[in-house]
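J.: A single structure is presented below for examination.
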Amino acid sequence: MSAEPTSGPTEDQVEILEYNFNKVNKHPDPTPLCLIAAEAGLSEEETQKWFKQRLAQWRRSEGLPSECRSVTD
């Protein structure tokens, strides 16, 4: 059996995810999300979940509600 935790991405995967979050897009559309997932070696679902959680964390750090859909409307 593998000793690796299955609770989240590896350090290398997080590095790829963080780079894309900070430098490319905090809200990737399905096509870029698919490419990011492939680059990181994660499923699209795992990648989308990571971006959603990371965005909520970022919003809280900026003093904003963790979810807000009306800002760009």
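We name chains A, B, ... following the order of the structure tokens; residues begin at 1 in each chain, and ligands are numbered from 1 as shown.
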Using backbone DSSP assignments, extract all helix (DSSP H, G or I) residues from segment 10-70 of chain A; output them as an NGL selection string.

T.: :A and (11-24 or 30-40 or 44-61)

J.: Write a file of the just-selected residues containing C-alpha atoms, as a PDB file, in the first residue's frame.

T.:
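Result written to selection_34.pdb:
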ATOM      1  CA  GLU A  11       3.881  20.099  -3.374  1.00  0.00           C
ATOM      2  CA  ASP A  12       4.726  20.044  -7.082  1.00  0.00           C
ATOM      3  CA  GLN A  13       1.036  20.044  -8.025  1.00  0.00           C
ATOM      4  CA  VAL A  14       0.314  22.910  -5.617  1.00  0.00           C
ATOM      5  CA  GLU A  15       3.168  24.872  -7.188  1.00  0.00           C
ATOM      6  CA  ILE A  16       1.516  24.523 -10.617  1.00  0.00           C
ATOM      7  CA  LEU A  17      -1.912  25.395  -9.203  1.00  0.00           C
ATOM      8  CA  GLU A  18      -0.594  28.409  -7.267  1.00  0.00           C
ATOM      9  CA  TYR A  19       1.279  29.712 -10.309  1.00  0.00           C
ATOM     10  CA  ASN A  20      -1.879  29.567 -12.415  1.00  0.00           C
ATOM     11  CA  PHE A  21      -3.987  31.077  -9.634  1.00  0.00           C
ATOM     12  CA  ASN A  22      -1.630  33.989  -9.005  1.00  0.00           C
ATOM     13  CA  LYS A  23      -0.217  34.681 -12.463  1.00  0.00           C
ATOM     14  CA  VAL A  24      -2.808  33.475 -14.950  1.00  0.00           C
ATOM     15  CA  PRO A  30     -13.340  24.887 -18.540  1.00  0.00           C
ATOM     16  CA  THR A  31     -10.671  24.713 -21.276  1.00  0.00           C
ATOM     17  CA  PRO A  32      -7.828  26.334 -19.286  1.00  0.00           C
ATOM     18  CA  LEU A  33      -8.964  24.364 -16.216  1.00  0.00           C
ATOM     19  CA  CYS A  34      -8.594  21.149 -18.229  1.00  0.00           C
ATOM     20  CA  LEU A  35      -5.078  22.174 -19.304  1.00  0.00           C
ATOM     21  CA  ILE A  36      -4.085  23.107 -15.742  1.00  0.00           C
ATOM     22  CA  ALA A  37      -5.430  19.762 -14.499  1.00  0.00           C
ATOM     23  CA  ALA A  38      -3.447  17.898 -17.155  1.00  0.00           C
ATOM     24  CA  GLU A  39      -0.269  19.847 -16.356  1.00  0.00           C
ATOM     25  CA  ALA A  40      -0.667  19.143 -12.632  1.00  0.00           C
ATOM     26  CA  GLU A  44     -10.629  18.420 -13.545  1.00  0.00           C
ATOM     27  CA  GLU A  45     -12.855  17.929 -10.491  1.00  0.00           C
ATOM     28  CA  GLU A  46      -9.867  18.028  -8.112  1.00  0.00           C
ATOM     29  CA  THR A  47      -8.489  21.099  -9.876  1.00  0.00           C
ATOM     30  CA  GLN A  48     -11.832  22.915  -9.837  1.00  0.00           C
ATOM     31  CA  LYS A  49     -12.285  22.109  -6.131  1.00  0.00           C
ATOM     32  CA  TRP A  50      -8.773  23.417  -5.367  1.00  0.00           C
ATOM     33  CA  PHE A  51      -9.434  26.678  -7.257  1.00  0.00           C
ATOM     34  CA  LYS A  52     -12.765  27.168  -5.457  1.00  0.00           C
ATOM     35  CA  GLN A  53     -11.172  26.631  -2.037  1.00  0.00           C
ATOM     36  CA  ARG A  54      -8.137  28.781  -2.896  1.00  0.00           C
ATOM     37  CA  LEU A  55     -10.362  31.597  -4.176  1.00  0.00           C
ATOM     38  CA  ALA A  56     -12.367  31.554  -0.933  1.00  0.00           C
ATOM     39  CA  GLN A  57      -9.104  31.658   1.034  1.00  0.00           C
ATOM     40  CA  TRP A  58      -7.836  34.565  -1.095  1.00  0.00           C
ATOM     41  CA  ARG A  59     -11.104  36.483  -0.731  1.00  0.00           C
ATOM     42  CA  ARG A  60     -10.990  36.123   3.070  1.00  0.00           C
ATOM     43  CA  SER A  61      -7.375  37.351   3.097  1.00  0.00           C
TER      44      SER A  61
END
